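Novice: One file is attached below, target-v5.pdb, containing PDB, C-alpha atoms, pLDDT in the B column.
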```pdb
ATOM      1  CA  MET A   1     -15.499  -8.045 -22.914  1.00 88.00           C
ATOM      2  CA  MET A   2     -14.739  -7.907 -19.188  1.00 95.00           C
ATOM      3  CA  GLU A   3     -15.114 -11.122 -17.184  1.00 97.00           C
ATOM      4  CA  PHE A   4     -15.146 -11.428 -13.393  1.00 98.00           C
ATOM      5  CA  ARG A   5     -14.140 -14.650 -11.681  1.00 97.00           C
ATOM      6  CA  GLN A   6     -12.262 -16.242  -8.808  1.00 97.00           C
ATOM      7  CA  ILE A   7      -8.770 -17.661  -9.410  1.00 97.00           C
ATOM      8  CA  ASP A   8      -5.899 -19.202  -7.417  1.00 96.00           C
ATOM      9  CA  ALA A   9      -3.588 -16.731  -5.683  1.00 92.00           C
ATOM     10  CA  VAL A  10      -0.537 -17.938  -7.624  1.00 90.00           C
ATOM     11  CA  ASN A  11      -2.134 -16.677 -10.855  1.00 95.00           C
ATOM     12  CA  VAL A  12      -2.548 -13.052  -9.751  1.00 94.00           C
ATOM     13  CA  PRO A  13       0.236 -10.877 -11.233  1.00 95.00           C
ATOM     14  CA  MET A  14       2.413  -9.365  -8.500  1.00 96.00           C
ATOM     15  CA  GLU A  15       2.947  -6.175 -10.530  1.00 96.00           C
ATOM     16  CA  LEU A  16      -0.823  -5.594 -10.465  1.00 96.00           C
ATOM     17  CA  LEU A  17      -1.037  -6.055  -6.684  1.00 97.00           C
ATOM     18  CA  LEU A  18       1.885  -3.653  -6.251  1.00 95.00           C
ATOM     19  CA  GLU A  19      -0.336  -0.925  -7.736  1.00 91.00           C
ATOM     20  CA  ALA A  20      -2.273  -0.912  -4.434  1.00 89.00           C
ATOM     21  CA  ASP A  21       0.321  -2.120  -1.914  1.00 88.00           C
ATOM     22  CA  PRO A  22       4.035  -1.228  -2.199  1.00 85.00           C
ATOM     23  CA  SER A  23       5.189  -4.147   0.000  1.00 87.00           C
ATOM     24  CA  VAL A  24       5.931  -7.482  -1.706  1.00 92.00           C
ATOM     25  CA  GLN A  25       6.382  -9.047   1.751  1.00 90.00           C
ATOM     26  CA  ALA A  26       2.944  -7.911   2.918  1.00 89.00           C
ATOM     27  CA  ILE A  27       1.333  -9.138  -0.311  1.00 93.00           C
ATOM     28  CA  GLN A  28       2.976 -12.559  -0.065  1.00 94.00           C
ATOM     29  CA  LYS A  29       1.753 -12.878   3.520  1.00 92.00           C
ATOM     30  CA  TYR A  30      -1.911 -12.144   2.817  1.00 94.00           C
ATOM     31  CA  LEU A  31      -2.061 -14.125  -0.445  1.00 95.00           C
ATOM     32  CA  ILE A  32      -1.777 -17.373   1.536  1.00 92.00           C
ATOM     33  CA  LYS A  33      -5.225 -19.023   1.792  1.00 92.00           C
ATOM     34  CA  SER A  34      -6.958 -15.993   0.263  1.00 96.00           C
ATOM     35  CA  TRP A  35      -9.877 -15.537  -2.084  1.00 96.00           C
ATOM     36  CA  CYS A  36      -8.684 -13.887  -5.296  1.00 98.00           C
ATOM     37  CA  PHE A  37     -11.284 -12.220  -7.484  1.00 98.00           C
ATOM     38  CA  VAL A  38     -10.184 -10.763 -10.803  1.00 98.00           C
ATOM     39  CA  ALA A  39     -11.375  -8.701 -13.727  1.00 98.00           C
ATOM     40  CA  GLN A  40     -10.120 -10.231 -16.937  1.00 97.00           C
ATOM     41  CA  GLN A  41     -10.201  -8.876 -20.469  1.00 95.00           C
ATOM     42  CA  ASN A  42      -8.983 -10.944 -23.430  1.00 92.00           C
ATOM     43  CA  GLU A  43      -7.038 -13.365 -21.185  1.00 90.00           C
ATOM     44  CA  ASN A  44      -5.346 -10.446 -19.369  1.00 95.00           C
ATOM     45  CA  ILE A  45      -5.959  -9.847 -15.673  1.00 97.00           C
ATOM     46  CA  VAL A  46      -6.610  -6.107 -15.379  1.00 97.00           C
ATOM     47  CA  GLY A  47      -7.999  -5.950 -11.837  1.00 98.00           C
ATOM     48  CA  ALA A  48      -7.731  -7.930  -8.612  1.00 98.00           C
ATOM     49  CA  CYS A  49      -9.414  -8.052  -5.217  1.00 98.00           C
ATOM     50  CA  ILE A  50      -7.787 -10.147  -2.500  1.00 98.00           C
ATOM     51  CA  ALA A  51      -9.818 -11.161   0.563  1.00 97.00           C
ATOM     52  CA  LYS A  52      -9.047 -13.462   3.453  1.00 95.00           C
ATOM     53  CA  ASN A  53     -11.232 -15.119   6.067  1.00 93.00           C
ATOM     54  CA  ASN A  54     -10.183 -13.727   9.467  1.00 85.00           C
ATOM     55  CA  GLN A  55     -12.758 -15.313  11.730  1.00 79.00           C
ATOM     56  CA  SER A  56     -16.079 -17.027  11.451  1.00 80.00           C
ATOM     57  CA  GLY A  57     -18.378 -14.870   9.348  1.00 88.00           C
ATOM     58  CA  THR A  58     -15.857 -12.043   8.854  1.00 94.00           C
ATOM     59  CA  CYS A  59     -13.255 -11.479   6.178  1.00 96.00           C
ATOM     60  CA  GLU A  60     -10.873  -8.691   5.250  1.00 96.00           C
ATOM     61  CA  ILE A  61     -10.097  -7.238   1.853  1.00 97.00           C
ATOM     62  CA  TYR A  62      -6.353  -6.682   1.684  1.00 96.00           C
ATOM     63  CA  ASN A  63      -5.847  -5.455  -1.860  1.00 96.00           C
ATOM     64  CA  VAL A  64      -7.960  -3.915  -4.605  1.00 96.00           C
ATOM     65  CA  SER A  65      -6.001  -2.960  -7.693  1.00 96.00           C
ATOM     66  CA  VAL A  66      -6.744  -2.065 -11.301  1.00 97.00           C
ATOM     67  CA  HIS A  67      -4.118  -1.742 -14.016  1.00 97.00           C
ATOM     68  CA  PRO A  68      -3.491   1.970 -14.767  1.00 95.00           C
ATOM     69  CA  ASN A  69      -4.692   1.563 -18.386  1.00 95.00           C
ATOM     70  CA  HIS A  70      -8.100   0.435 -17.077  1.00 96.00           C
ATOM     71  CA  GLN A  71      -8.607   2.864 -14.192  1.00 94.00           C
ATOM     72  CA  GLY A  72     -11.491   5.320 -14.307  1.00 93.00           C
ATOM     73  CA  GLN A  73     -13.624   2.966 -16.419  1.00 95.00           C
ATOM     74  CA  GLY A  74     -15.692   1.327 -13.663  1.00 95.00           C
ATOM     75  CA  VAL A  75     -13.596  -1.870 -13.569  1.00 97.00           C
ATOM     76  CA  GLY A  76     -12.787  -1.506  -9.868  1.00 96.00           C
ATOM     77  CA  SER A  77     -16.396  -0.845  -8.879  1.00 97.00           C
ATOM     78  CA  LYS A  78     -17.699  -3.808 -10.878  1.00 98.00           C
ATOM     79  CA  LEU A  79     -14.949  -6.058  -9.532  1.00 98.00           C
ATOM     80  CA  MET A  80     -15.679  -5.013  -5.944  1.00 98.00           C
ATOM     81  CA  GLN A  81     -19.414  -5.565  -6.393  1.00 98.00           C
ATOM     82  CA  TYR A  82     -18.681  -9.028  -7.806  1.00 98.00           C
ATOM     83  CA  ALA A  83     -16.346  -9.840  -4.890  1.00 98.00           C
ATOM     84  CA  LEU A  84     -18.807  -8.559  -2.269  1.00 98.00           C
ATOM     85  CA  ASN A  85     -21.639 -10.609  -3.795  1.00 98.00           C
ATOM     86  CA  GLU A  86     -19.466 -13.744  -3.886  1.00 97.00           C
ATOM     87  CA  LEU A  87     -18.287 -13.306  -0.293  1.00 97.00           C
ATOM     88  CA  PHE A  88     -21.794 -12.666   1.053  1.00 97.00           C
ATOM     89  CA  ALA A  89     -23.070 -15.697  -0.929  1.00 96.00           C
ATOM     90  CA  GLN A  90     -20.445 -17.821   0.865  1.00 93.00           C
ATOM     91  CA  GLY A  91     -21.888 -16.837   4.237  1.00 94.00           C
ATOM     92  CA  ILE A  92     -19.590 -13.940   5.106  1.00 96.00           C
ATOM     93  CA  GLU A  93     -21.534 -11.547   7.343  1.00 96.00           C
ATOM     94  CA  ARG A  94     -19.042  -8.658   7.585  1.00 97.00           C
ATOM     95  CA  ILE A  95     -16.304  -7.496   5.248  1.00 98.00           C
ATOM     96  CA  GLU A  96     -13.595  -5.207   6.588  1.00 97.00           C
ATOM     97  CA  LEU A  97     -10.684  -3.332   5.034  1.00 97.00           C
ATOM     98  CA  GLY A  98      -8.133  -0.670   5.793  1.00 94.00           C
ATOM     99  CA  THR A  99      -7.348   2.415   3.730  1.00 91.00           C
ATOM    100  CA  GLY A 100      -5.783   5.834   4.070  1.00 87.00           C
ATOM    101  CA  THR A 101      -7.607   8.640   5.826  1.00 83.00           C
ATOM    102  CA  PHE A 102      -7.968  10.673   2.611  1.00 84.00           C
ATOM    103  CA  GLY A 103      -7.904  10.288  -1.144  1.00 82.00           C
ATOM    104  CA  TYR A 104      -9.702   8.512  -3.938  1.00 84.00           C
ATOM    105  CA  GLN A 105      -9.705   5.074  -2.285  1.00 88.00           C
ATOM    106  CA  LEU A 106     -11.706   6.286   0.711  1.00 90.00           C
ATOM    107  CA  MET A 107     -14.413   7.758  -1.510  1.00 92.00           C
ATOM    108  CA  PHE A 108     -14.364   4.628  -3.690  1.00 94.00           C
ATOM    109  CA  TYR A 109     -15.116   2.356  -0.722  1.00 96.00           C
ATOM    110  CA  GLN A 110     -17.725   4.703   0.727  1.00 95.00           C
ATOM    111  CA  ARG A 111     -19.589   4.747  -2.608  1.00 95.00           C
ATOM    112  CA  LEU A 112     -19.776   0.938  -2.340  1.00 96.00           C
ATOM    113  CA  GLY A 113     -21.415   1.238   1.094  1.00 97.00           C
ATOM    114  CA  PHE A 114     -18.430   0.827   3.427  1.00 98.00           C
ATOM    115  CA  ARG A 115     -18.553   2.740   6.711  1.00 97.00           C
ATOM    116  CA  VAL A 116     -15.828   3.915   9.085  1.00 95.00           C
ATOM    117  CA  ASP A 117     -15.254   1.676  12.097  1.00 96.00           C
ATOM    118  CA  ARG A 118     -12.086   3.083  13.691  1.00 95.00           C
ATOM    119  CA  VAL A 119      -8.680   4.687  13.111  1.00 94.00           C
ATOM    120  CA  ASP A 120      -5.380   2.794  13.454  1.00 91.00           C
ATOM    121  CA  LYS A 121      -2.975   5.587  14.441  1.00 95.00           C
ATOM    122  CA  ASP A 122       0.470   5.570  12.767  1.00 92.00           C
ATOM    123  CA  TYR A 123      -0.290   2.341  10.842  1.00 87.00           C
ATOM    124  CA  PHE A 124       1.558   3.363   7.677  1.00 87.00           C
ATOM    125  CA  LEU A 125       4.507   4.713   9.696  1.00 88.00           C
ATOM    126  CA  ILE A 126       4.900   1.446  11.635  1.00 90.00           C
ATOM    127  CA  HIS A 127       4.181  -1.146   8.931  1.00 85.00           C
ATOM    128  CA  TYR A 128       5.904   0.318   5.850  1.00 82.00           C
ATOM    129  CA  PRO A 129       9.627   1.085   5.689  1.00 82.00           C
ATOM    130  CA  GLU A 130       9.193   3.781   3.021  1.00 85.00           C
ATOM    131  CA  PRO A 131       6.789   6.728   3.395  1.00 89.00           C
ATOM    132  CA  ILE A 132       3.609   6.502   1.293  1.00 84.00           C
ATOM    133  CA  PHE A 133       2.492   9.770  -0.291  1.00 85.00           C
ATOM    134  CA  GLU A 134      -0.724  10.610  -2.117  1.00 83.00           C
ATOM    135  CA  MET A 135      -1.479  14.050  -3.534  1.00 83.00           C
ATOM    136  CA  GLY A 136       1.671  15.324  -1.807  1.00 91.00           C
ATOM    137  CA  ILE A 137       0.486  14.242   1.662  1.00 88.00           C
ATOM    138  CA  GLN A 138       2.044  11.391   3.630  1.00 91.00           C
ATOM    139  CA  HIS A 139      -0.269   8.613   4.758  1.00 90.00           C
ATOM    140  CA  LYS A 140       0.173   8.042   8.495  1.00 93.00           C
ATOM    141  CA  ASP A 141      -3.081   6.664   9.929  1.00 93.00           C
ATOM    142  CA  MET A 142      -5.310   3.930   8.536  1.00 90.00           C
ATOM    143  CA  LEU A 143      -9.111   4.059   8.530  1.00 94.00           C
ATOM    144  CA  ARG A 144     -10.734   0.692   9.191  1.00 96.00           C
ATOM    145  CA  LEU A 145     -13.941   0.334   7.165  1.00 97.00           C
ATOM    146  CA  TYR A 146     -16.672  -2.322   7.102  1.00 98.00           C
ATOM    147  CA  ILE A 147     -19.784  -3.399   5.263  1.00 98.00           C
ATOM    148  CA  ASP A 148     -22.313  -5.894   6.623  1.00 97.00           C
ATOM    149  CA  SER A 149     -24.225  -8.474   4.632  1.00 95.00           C
ATOM    150  CA  PRO A 150     -27.499  -7.076   3.246  1.00 89.00           C
TER
END
```
Spit out the file's structure as structure tokens when you get a sec.
Specialist:
Amino acid sequence: MMEFRQIDAVNVPMELLLEADPSVQAIQKYLIKSWCFVAQQNENIVGACIAKNNQSGTCEIYNVSVHPNHQGQGVGSKLMQYALNELFAQGIERIELGTGTFGYQLMFYQRLGFRVDRVDKDYFLIHYPEPIFEMGIQHKDMLRLYIDSP
């Protein structure tokens, strides 16, 4: 049975977070003072969503990852819905995130109700030392998405 809950950042497996973000340094930076929501099955953490309060009433989701053995089973969607509900219940009015300009992740977030806010040109070229490819295409720009409290 899948459980969803909030845990301390130190208990989130780094190898899971690396599924969504290839930079250990970036992960370590945003884990500090973050909210960590997880999907857990039989004591194993199989999904994680990391969010951080940026300013009053607004937070950013920095990482959403699901272990490869559990992808395509609705774990990520259920985890995100849990995290969104928890964040809105804590008084967060707007949740933001950044993702690539194409690919599965963009559709995933849009299905959850996220909308495009702006484009950060060359984000992945500037902030990551190694090129990031998906479906044979290099990620260069980042789309900034948001969802407001219902």
Novice: Counting only C-alpha atoms, what is within 10 Å of A:Asn53, bar same-chain residues fewer than 5 positions away, as an MDAnalysis selection string?
Specialist: chainID A and resid 33:35 58:61 87 92 95
Novice: When you look at A:Gly98 with a cut-off of 12 Å (counting all atoms listed in the file), what residues show up, excluding the ones that are within fewer than 3 positions of it in the same chain? I need them as a ChimeraX atom specification.
Specialist: /A:20-21,51,59-64,95,101-102,105-106,109,114-121,123-124,141-147
Novice: Write to file, as a PDB file, keeping the file's coordinate frame, the residues of the selection just made, with C-alpha atoms.
Specialist:
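Saved result, out_24.pdb, follows:
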```pdb
ATOM      1  CA  ALA A  20      -2.273  -0.912  -4.434  1.00 89.00           C
ATOM      2  CA  ASP A  21       0.321  -2.120  -1.914  1.00 88.00           C
ATOM      3  CA  ALA A  51      -9.818 -11.161   0.563  1.00 97.00           C
ATOM      4  CA  CYS A  59     -13.255 -11.479   6.178  1.00 96.00           C
ATOM      5  CA  GLU A  60     -10.873  -8.691   5.250  1.00 96.00           C
ATOM      6  CA  ILE A  61     -10.097  -7.238   1.853  1.00 97.00           C
ATOM      7  CA  TYR A  62      -6.353  -6.682   1.684  1.00 96.00           C
ATOM      8  CA  ASN A  63      -5.847  -5.455  -1.860  1.00 96.00           C
ATOM      9  CA  VAL A  64      -7.960  -3.915  -4.605  1.00 96.00           C
ATOM     10  CA  ILE A  95     -16.304  -7.496   5.248  1.00 98.00           C
ATOM     11  CA  THR A 101      -7.607   8.640   5.826  1.00 83.00           C
ATOM     12  CA  PHE A 102      -7.968  10.673   2.611  1.00 84.00           C
ATOM     13  CA  GLN A 105      -9.705   5.074  -2.285  1.00 88.00           C
ATOM     14  CA  LEU A 106     -11.706   6.286   0.711  1.00 90.00           C
ATOM     15  CA  TYR A 109     -15.116   2.356  -0.722  1.00 96.00           C
ATOM     16  CA  PHE A 114     -18.430   0.827   3.427  1.00 98.00           C
ATOM     17  CA  ARG A 115     -18.553   2.740   6.711  1.00 97.00           C
ATOM     18  CA  VAL A 116     -15.828   3.915   9.085  1.00 95.00           C
ATOM     19  CA  ASP A 117     -15.254   1.676  12.097  1.00 96.00           C
ATOM     20  CA  ARG A 118     -12.086   3.083  13.691  1.00 95.00           C
ATOM     21  CA  VAL A 119      -8.680   4.687  13.111  1.00 94.00           C
ATOM     22  CA  ASP A 120      -5.380   2.794  13.454  1.00 91.00           C
ATOM     23  CA  LYS A 121      -2.975   5.587  14.441  1.00 95.00           C
ATOM     24  CA  TYR A 123      -0.290   2.341  10.842  1.00 87.00           C
ATOM     25  CA  PHE A 124       1.558   3.363   7.677  1.00 87.00           C
ATOM     26  CA  ASP A 141      -3.081   6.664   9.929  1.00 93.00           C
ATOM     27  CA  MET A 142      -5.310   3.930   8.536  1.00 90.00           C
ATOM     28  CA  LEU A 143      -9.111   4.059   8.530  1.00 94.00           C
ATOM     29  CA  ARG A 144     -10.734   0.692   9.191  1.00 96.00           C
ATOM     30  CA  LEU A 145     -13.941   0.334   7.165  1.00 97.00           C
ATOM     31  CA  TYR A 146     -16.672  -2.322   7.102  1.00 98.00           C
ATOM     32  CA  ILE A 147     -19.784  -3.399   5.263  1.00 98.00           C
TER      33      ILE A 147
END
```
Novice: Counting all atoms listed in the file, what is within 7 Å of A:Glu93, bar same-chain residues fewer than 2 positions away, as a PyMOL selection string?
Specialist: chain A and resi 57-58+88+91+95+148-149
Novice: Between atom CA of A:Ile126 and atom CA of A:Leu97, what is the distance, to one decimal in Å?
Specialist: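 Value for the atom CA of A:Ile126-atom CA of A:Leu97 distance: 17.6 Å.
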Novice: Apply the PyMOL selection byres ((chain A and resi 70) around 12) to the file shown and report the selected residues as JSON, numbers by chain.
Specialist: {"A": [2, 16, 39, 40, 41, 44, 45, 46, 47, 48, 65, 66, 67, 68, 69, 71, 72, 73, 74, 75, 76, 77]}
Novice: May I have the selected residues written with C-alpha atoms, as a compact mmCIF listing (two decimals), in the frame of the given file?
Specialist:
```txt
# COMPACT_ATOMS: atom_id res chain seq x y z
CA MET A 2 -14.74 -7.91 -19.19
CA LEU A 16 -0.82 -5.59 -10.46
CA ALA A 39 -11.38 -8.70 -13.73
CA GLN A 40 -10.12 -10.23 -16.94
CA GLN A 41 -10.20 -8.88 -20.47
CA ASN A 44 -5.35 -10.45 -19.37
CA ILE A 45 -5.96 -9.85 -15.67
CA VAL A 46 -6.61 -6.11 -15.38
CA GLY A 47 -8.00 -5.95 -11.84
CA ALA A 48 -7.73 -7.93 -8.61
CA SER A 65 -6.00 -2.96 -7.69
CA VAL A 66 -6.74 -2.06 -11.30
CA HIS A 67 -4.12 -1.74 -14.02
CA PRO A 68 -3.49 1.97 -14.77
CA ASN A 69 -4.69 1.56 -18.39
CA GLN A 71 -8.61 2.86 -14.19
CA GLY A 72 -11.49 5.32 -14.31
CA GLN A 73 -13.62 2.97 -16.42
CA GLY A 74 -15.69 1.33 -13.66
CA VAL A 75 -13.60 -1.87 -13.57
CA GLY A 76 -12.79 -1.51 -9.87
CA SER A 77 -16.40 -0.84 -8.88
```
Novice: The PyMOL selection byres ((chain A and resi 132) around 12) on the file shown: which residues, as number ranges by chain?
Specialist: A: 20-23, 99-100, 122-131, 133-142
Novice: Can you report as lines of an AutoDock Vina configuration file the centre and edge lengths in Å, to one decimal, of an axis-aligned box around the listed atoms of stretch 125-129 of chain A padded with 6 Å on each side?
Specialist:
```
center_x = 6.9
center_y = 1.8
center_z = 8.7
size_x = 17.4
size_y = 17.9
size_z = 17.9
```
Novice: Just checking: using all atoms listed in the file, which residue out of A:Glu43, A:Lys52, A:Glu3, A:Glu86 ends up closest to A:Ile27?
Specialist: A:Lys52
